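Have a look at coords_37.cif; it's mmCIF, C-alpha atoms and all ligand atoms:
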data_my_file
loop_
_atom_site.label_atom_id
_atom_site.label_comp_id
_atom_site.auth_asym_id
_atom_site.auth_seq_id
_atom_site.Cartn_x
_atom_site.Cartn_y
_atom_site.Cartn_z
CA MET O 1 -25.08 73.70 -44.02
CA ALA O 2 -27.73 72.29 -41.69
CA ARG O 3 -31.10 71.56 -43.26
CA ALA O 4 -33.84 73.46 -41.43
CA GLU O 5 -37.06 71.94 -40.14
CA GLY O 6 -40.12 73.02 -42.07
CA THR O 7 -38.34 72.88 -45.37
CA ASP O 8 -40.34 74.77 -48.00
CA LEU O 9 -41.59 73.34 -51.26
CA GLY O 10 -38.85 74.91 -53.33
CA ARG O 11 -36.12 73.44 -51.20
CA ARG O 12 -37.80 70.02 -51.15
CA SER O 13 -37.93 70.09 -54.92
CA LEU O 14 -34.26 70.95 -54.98
CA LEU O 15 -33.46 67.99 -52.76
CA MET O 16 -35.09 65.81 -55.37
CA GLY O 17 -32.98 67.50 -58.02
CA ARG O 18 -36.09 68.78 -59.73
CA VAL O 19 -37.05 72.33 -60.55
CA ALA O 20 -40.10 73.86 -62.13
CA GLU O 21 -39.80 74.54 -65.83
CA ALA O 22 -42.68 75.60 -68.04
CA GLY O 23 -45.27 74.15 -65.69
CA ARG O 24 -43.59 70.79 -65.18
CA SER O 25 -40.64 69.68 -63.15
CA ARG O 26 -37.41 68.34 -64.51
CA ALA O 27 -34.20 67.08 -63.04
CA VAL O 28 -30.94 68.99 -63.03
CA ARG O 29 -28.65 66.59 -64.87
CA PRO O 30 -24.86 66.50 -64.41
CA PRO O 31 -22.67 69.06 -66.13
CA TRP O 32 -22.14 68.48 -69.87
CA ALA O 33 -25.06 66.03 -69.85
CA THR O 34 -28.65 66.71 -70.86
CA GLU O 35 -32.02 65.19 -70.14
CA ALA O 36 -31.92 63.65 -73.60
CA SER O 37 -28.37 62.29 -73.34
CA VAL O 38 -29.06 60.75 -69.92
CA SER O 39 -32.31 59.26 -71.14
CA ALA O 40 -30.73 57.80 -74.26
CA GLY O 41 -27.32 56.73 -73.01
CA CYS O 42 -27.18 56.28 -69.26
CA THR O 43 -26.91 52.68 -68.07
CA SER O 44 -27.40 53.60 -64.40
CA CYS O 45 -23.96 52.23 -63.59
CA GLY O 46 -23.34 54.84 -60.89
CA ALA O 47 -19.74 55.60 -61.89
CA CYS O 48 -20.29 59.36 -62.19
CA MET O 49 -21.89 59.52 -58.75
CA GLU O 50 -19.02 57.63 -57.17
CA ALA O 51 -16.50 59.86 -58.93
CA CYS O 52 -17.92 63.21 -57.83
CA PRO O 53 -15.71 64.57 -55.03
CA GLU O 54 -18.45 66.96 -53.95
CA ALA O 55 -21.03 64.14 -53.64
CA ILE O 56 -23.64 66.26 -55.41
CA LEU O 57 -24.64 63.56 -57.90
CA LEU O 58 -27.45 61.37 -56.65
CA ALA O 59 -29.50 58.64 -58.31
CA ASP O 60 -33.05 59.26 -59.42
CA PRO O 61 -35.64 56.43 -59.21
CA ASP O 62 -34.20 55.00 -62.45
CA GLY O 63 -30.67 55.03 -61.07
CA GLN O 64 -29.70 57.90 -63.35
CA PRO O 65 -27.77 60.91 -62.01
CA PHE O 66 -29.15 64.27 -61.01
CA VAL O 67 -27.47 67.21 -59.29
CA ASP O 68 -28.38 68.10 -55.72
CA PHE O 69 -27.31 71.68 -54.97
CA SER O 70 -28.84 71.71 -51.49
CA GLU O 71 -25.50 71.25 -49.71
CA THR O 72 -22.78 72.44 -52.05
CA ALA O 73 -21.82 73.22 -55.64
CA CYS O 74 -20.28 71.79 -58.78
CA THR O 75 -16.61 72.69 -59.16
CA PHE O 76 -16.50 71.66 -62.83
CA CYS O 77 -13.72 69.20 -62.04
CA GLY O 78 -14.96 66.90 -64.82
CA ALA O 79 -14.54 63.69 -62.82
CA CYS O 80 -18.11 62.62 -63.57
CA ALA O 81 -17.63 62.96 -67.31
CA VAL O 82 -14.31 61.12 -67.23
CA ALA O 83 -15.83 58.25 -65.22
CA CYS O 84 -18.74 57.71 -67.60
CA GLU O 85 -18.18 55.03 -70.23
CA ALA O 86 -21.50 55.66 -71.92
CA ASP O 87 -22.34 58.39 -74.42
CA VAL O 88 -23.87 60.78 -71.89
CA PHE O 89 -21.43 63.66 -71.45
CA ALA O 90 -20.25 66.08 -74.11
CA PRO O 91 -16.77 65.12 -75.32
CA ALA O 92 -13.75 66.97 -74.01
CA GLY O 93 -11.92 69.40 -76.23
CA PRO O 94 -8.44 68.82 -77.68
CA ASP O 95 -6.88 69.91 -74.39
CA GLY O 96 -8.93 67.33 -72.48
CA THR O 97 -11.16 69.85 -70.74
CA ARG O 98 -14.80 70.84 -71.00
CA PRO O 99 -15.76 74.52 -70.76
CA GLN O 100 -17.73 75.70 -67.73
CA SER O 101 -19.81 77.87 -70.01
CA GLU O 102 -21.22 74.77 -71.70
CA ALA O 103 -21.75 72.68 -68.58
CA PHE O 104 -25.32 73.43 -67.57
CA ALA O 105 -28.58 74.28 -69.30
CA HIS O 106 -29.65 76.55 -66.46
CA VAL O 107 -28.80 79.74 -64.66
CA VAL O 108 -30.26 80.86 -61.34
CA THR O 109 -32.96 83.36 -60.46
CA LEU O 110 -33.37 85.49 -57.37
CA SER O 111 -36.86 85.79 -55.87
CA ASN O 112 -38.42 88.40 -53.62
CA ALA O 113 -37.68 86.11 -50.69
CA CYS O 114 -34.18 87.65 -50.76
CA LEU O 115 -33.66 89.37 -47.42
CA MET O 116 -32.27 92.43 -49.15
CA THR O 117 -35.66 93.13 -50.74
CA SER O 118 -37.02 93.83 -47.25
CA GLY O 119 -33.99 95.82 -46.22
CA VAL O 120 -32.25 93.09 -44.20
CA GLU O 121 -28.50 93.08 -44.79
CA CYS O 122 -27.30 89.86 -46.43
CA ARG O 123 -24.72 89.21 -49.15
CA LEU O 124 -24.13 85.52 -48.66
CA CYS O 125 -24.98 84.53 -52.22
CA ALA O 126 -22.73 87.19 -53.73
CA ASP O 127 -19.92 86.18 -51.40
CA HIS O 128 -20.13 82.61 -52.75
CA CYS O 129 -20.26 83.51 -56.45
CA ASP O 130 -16.78 83.21 -57.95
CA ALA O 131 -18.14 84.18 -61.36
CA ARG O 132 -19.37 87.49 -59.90
CA ALA O 133 -22.76 86.92 -61.47
CA LEU O 134 -24.31 88.03 -58.18
CA ARG O 135 -23.21 91.41 -56.87
CA PHE O 136 -24.35 93.88 -54.28
CA ASP O 137 -25.61 96.99 -56.05
CA TYR O 138 -26.08 100.24 -54.15
CA ALA O 139 -28.25 101.55 -56.98
CA ILE O 140 -31.12 99.21 -56.07
CA ARG O 141 -33.54 101.14 -53.87
CA PRO O 142 -34.06 101.79 -51.09
CA ALA O 143 -30.85 100.51 -49.49
CA GLY O 144 -29.11 98.46 -52.14
CA GLY O 145 -29.75 94.91 -53.26
CA ILE O 146 -28.35 91.88 -55.07
CA ARG O 147 -28.15 92.12 -58.85
CA LEU O 148 -27.92 88.99 -60.99
CA GLU O 149 -25.99 89.08 -64.26
CA ALA O 150 -27.46 85.95 -65.80
CA GLU O 151 -24.98 86.04 -68.68
CA ALA O 152 -22.14 85.45 -66.22
CA CYS O 153 -23.85 82.62 -64.32
CA THR O 154 -22.28 79.21 -64.88
CA GLY O 155 -25.04 77.37 -63.01
CA CYS O 156 -22.53 76.06 -60.48
CA GLY O 157 -25.07 76.29 -57.65
CA ALA O 158 -22.68 77.75 -55.08
CA CYS O 159 -25.14 80.51 -54.19
CA ILE O 160 -28.07 78.18 -53.48
CA ALA O 161 -27.19 76.44 -50.22
CA PRO O 162 -25.94 79.54 -48.36
CA CYS O 163 -29.18 81.50 -48.90
CA PRO O 164 -31.10 81.47 -45.59
CA THR O 165 -34.48 82.08 -47.28
CA SER O 166 -34.14 79.75 -50.29
CA ALA O 167 -34.48 82.79 -52.54
CA ILE O 168 -32.29 81.35 -55.29
CA GLU O 169 -33.68 78.81 -57.69
CA VAL O 170 -32.55 77.07 -60.83
CA ARG O 171 -34.08 78.27 -64.08
CA PHE O 172 -33.59 76.48 -67.35
CA GLN O 173 -33.08 78.91 -70.17
CA HIS O 174 -33.97 78.64 -73.78
CA VAL O 175 -31.73 79.47 -76.65
CA PRO O 176 -33.24 81.28 -79.65
CA ALA O 177 -34.94 79.03 -82.14
CA ARG O 178 -33.15 78.39 -85.38
CA ALA O 179 -35.12 79.07 -88.53
CA GLY O 180 -37.90 76.55 -88.92
CA GLN O 181 -37.21 74.82 -85.60
CA PRO O 182 -38.90 75.09 -82.21
CA ASP O 183 -37.19 76.66 -79.21
CA THR O 184 -34.68 74.34 -77.64
CA LEU O 185 -33.05 74.27 -74.26
CA LYS O 186 -29.44 75.38 -74.12
CA HIS O 187 -27.19 72.43 -75.02
CA GLU O 188 -30.17 70.11 -75.42
CA ALA O 189 -29.68 70.15 -79.18
CA ARG O 190 -26.35 68.36 -78.74
CA ALA O 191 -27.94 65.14 -77.54
S1 LIG O 201 -17.83 68.25 -62.53
FE1 LIG O 201 -16.92 67.43 -60.60
S2 LIG O 201 -18.02 68.49 -58.95
FE2 LIG O 201 -19.24 68.77 -60.83
S3 LIG O 201 -20.75 67.09 -60.80
FE3 LIG O 201 -18.97 66.38 -62.03
S4 LIG O 201 -17.65 65.30 -60.56
FE4 LIG O 201 -19.10 66.54 -59.35
S1 LIG O 202 -21.40 57.05 -65.36
FE1 LIG O 202 -22.59 57.47 -67.21
S2 LIG O 202 -23.78 55.57 -67.55
FE2 LIG O 202 -23.02 55.50 -65.43
S3 LIG O 202 -24.70 56.36 -64.15
FE3 LIG O 202 -23.29 58.07 -64.68
S4 LIG O 202 -24.16 58.98 -66.56
FE4 LIG O 202 -25.09 56.94 -66.30
S1 LIG O 203 -25.02 79.47 -59.84
FE1 LIG O 203 -22.80 79.91 -59.50
S2 LIG O 203 -22.24 81.39 -61.11
FE2 LIG O 203 -24.51 81.36 -61.00
S3 LIG O 203 -25.02 83.05 -59.60
FE3 LIG O 203 -24.89 81.16 -58.34
S4 LIG O 203 -22.75 81.09 -57.56
FE4 LIG O 203 -22.82 82.59 -59.27
#
Rewrite the coordinates I just gave you, this time as structure tokens.
Amino acid sequence: MARAEGTDLGRRSLLMGRVAEAGRSRAVRPPWATEASVSAGCTSCGACMEACPEAILLADPDGQPFVDFSETACTFCGACAVACEADVFAPAGPDGTRPQSEAFAHVVTLSNACLMTSGVECRLCADHCDARALRFDYAIRPAGGIRLEAEACTGCGACIAPCPTSAIEVRFQHVPARAGQPDTLKHEARA
């Protein structure tokens, strides 16, 4: 997908692999990795970035990987995790795979920039969502709209690049606090 001139702030942030979260920005780290695990274990060797067949893993200023969803999505192939010799990625299960549902600490959100909110026909994001987390819903007034089922979102990012108005953004989500502990980001507790 061609990058338009006059790229807006949200899209520029995305290109840097950073999204707003609680008033600060943070990088989208590779699947099955967390900010903490990258910070503690990554040696900046670059193996995960070289292994990614989608070329969505780029190096931040410290040489550590972040995900760039501005062109395409994560397929959950696991090549990045297999390539990493450091303790950065969650270990594979007994069958050698890692579940998609545990890959990312984010889902996506849909803003009012969505063309459907102003009555312009567009279903590009829903067409790209294999998980069917984004669906056209006739019940949304006045002429239908896109409904997000956040529970079904894997965070793959496939809906982000096709959106002509950059209406879809990454949102990190919190898991409920355990008794006596502060809120923690999904999967962050693993690291
Ligand atoms: S799981 Fe595959 S597509 Fe996704 S970031 Fe890792 S190597 Fe790339
Ligand atoms: S392969 Fe592992 S250690 Fe190397 S850059 Fe990627 S996350 Fe860091
Ligand atoms: S990030 Fe992936 S699973 Fe989530 S809404 Fe977008 S395309 Fe669907």
With distances taken over all atoms listed in the file, which of O:Cys114, O:Cys125, O:Ala79, O:Ala59 is nearest to ligand LIG 201 (chain O)?
->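 Among O:Cys114, O:Cys125, O:Ala79, O:Ala59, it is O:Ala79 that comes nearest to ligand LIG 201 (chain O).
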Ala47 of chain O: which residues within 9 Å, counting only C-alpha atoms, same-chain residues fewer than 3 positions away excluded, as an MDAnalysis selection string?
-> chainID O and resid 44 50:52 80 83:85
Hey, can you spit out that residue selection with C-alpha atoms as an mmCIF file, keeping the file's coordinate frame?
data_model
loop_
_atom_site.group_PDB
_atom_site.id
_atom_site.type_symbol
_atom_site.label_atom_id
_atom_site.label_comp_id
_atom_site.auth_asym_id
_atom_site.auth_seq_id
_atom_site.Cartn_x
_atom_site.Cartn_y
_atom_site.Cartn_z
ATOM 1 C CA SER O 44 -27.400 53.600 -64.400
ATOM 2 C CA GLU O 50 -19.020 57.630 -57.170
ATOM 3 C CA ALA O 51 -16.500 59.860 -58.930
ATOM 4 C CA CYS O 52 -17.920 63.210 -57.830
ATOM 5 C CA CYS O 80 -18.110 62.620 -63.570
ATOM 6 C CA ALA O 83 -15.830 58.250 -65.220
ATOM 7 C CA CYS O 84 -18.740 57.710 -67.600
ATOM 8 C CA GLU O 85 -18.180 55.030 -70.230
#
Could you give me, as JSON, numbers by chain, every polymer residue with an atom at most 8 Å away from an atom of ligand LIG 202 (chain O), counting only C-alpha atoms and all ligand atoms?
-> {"O": [30, 33, 38, 41, 42, 43, 44, 45, 46, 47, 48, 49, 59, 63, 64, 65, 80, 81, 83, 84, 85, 86, 87, 88, 89]}
Please dump the current selection as a compact mmCIF listing (two decimals), in the coordinates of the input; keep C-alpha atoms.
# COMPACT_ATOMS: atom_id res chain seq x y z
CA PRO O 30 -24.86 66.50 -64.41
CA ALA O 33 -25.06 66.03 -69.85
CA VAL O 38 -29.06 60.75 -69.92
CA GLY O 41 -27.32 56.73 -73.01
CA CYS O 42 -27.18 56.28 -69.26
CA THR O 43 -26.91 52.68 -68.07
CA SER O 44 -27.40 53.60 -64.40
CA CYS O 45 -23.96 52.23 -63.59
CA GLY O 46 -23.34 54.84 -60.89
CA ALA O 47 -19.74 55.60 -61.89
CA CYS O 48 -20.29 59.36 -62.19
CA MET O 49 -21.89 59.52 -58.75
CA ALA O 59 -29.50 58.64 -58.31
CA GLY O 63 -30.67 55.03 -61.07
CA GLN O 64 -29.70 57.90 -63.35
CA PRO O 65 -27.77 60.91 -62.01
CA CYS O 80 -18.11 62.62 -63.57
CA ALA O 81 -17.63 62.96 -67.31
CA ALA O 83 -15.83 58.25 -65.22
CA CYS O 84 -18.74 57.71 -67.60
CA GLU O 85 -18.18 55.03 -70.23
CA ALA O 86 -21.50 55.66 -71.92
CA ASP O 87 -22.34 58.39 -74.42
CA VAL O 88 -23.87 60.78 -71.89
CA PHE O 89 -21.43 63.66 -71.45
Cut-off 6 Å, only C-alpha atoms and all ligand atoms, neighbours of ligand LIG 203 (chain O) as a tab-separated table (two decimals) with C-alpha atoms, in the coordinates of the input:
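Okay, pocket-v6.tsv is ready:
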chain	number	residue	atom	x	y	z
O	107	VAL	CA	-28.80	79.74	-64.66
O	108	VAL	CA	-30.26	80.86	-61.34
O	128	HIS	CA	-20.13	82.61	-52.75
O	129	CYS	CA	-20.26	83.51	-56.45
O	131	ALA	CA	-18.14	84.18	-61.36
O	133	ALA	CA	-22.76	86.92	-61.47
O	134	LEU	CA	-24.31	88.03	-58.18
O	153	CYS	CA	-23.85	82.62	-64.32
O	154	THR	CA	-22.28	79.21	-64.88
O	155	GLY	CA	-25.04	77.37	-63.01
O	156	CYS	CA	-22.53	76.06	-60.48
O	157	GLY	CA	-25.07	76.29	-57.65
O	158	ALA	CA	-22.68	77.75	-55.08
O	159	CYS	CA	-25.14	80.51	-54.19
With all atoms listed in the file as the basis for distance, which of O:Gly119, O:His106, O:Asp127, O:Pro53 is at the shortest distance from Ala152 of chain O?
-> O:His106
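Distances here use all atoms listed in the file; by that measure, the residue among O:Ala27, O:Ile140, O:Ala55, O:Ile160 closest to ligand LIG 201 (chain O) is O:Ala55.
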Show which residues sit within 7 Å of segment 99-103 of chain O, as a PyMOL selection string. Count only C-alpha atoms, and ignore same-chain residues fewer than 3 positions away.
-> chain O and resi 31-32+76+154
Nearest residue to ligand LIG 201 (chain O) from the set O:Pro162, O:Gly78, O:Pro61, O:Pro91 (distances using only C-alpha atoms and all ligand atoms) |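 Distance minimum relative to ligand LIG 201 (chain O) lands on O:Gly78.
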Could you state the separation of atom S3 of ligand LIG 201 (chain O) and atom CA of Phe66 of chain O in Å, given to one decimal place?
->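 So the two atoms, atom S3 of ligand LIG 201 (chain O) and atom CA of Phe66 of chain O, lie 8.9 Å apart.
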With all atoms of ligand LIG 201 (chain O) from the file as input, state the centre and edge lengths in Å to one decimal of the axis-aligned box that has 8 Å extra on each side, as lines of an AutoDock Vina configuration file.
center_x = -18.8
center_y = 67.0
center_z = -60.7
size_x = 19.8
size_y = 19.5
size_z = 19.6
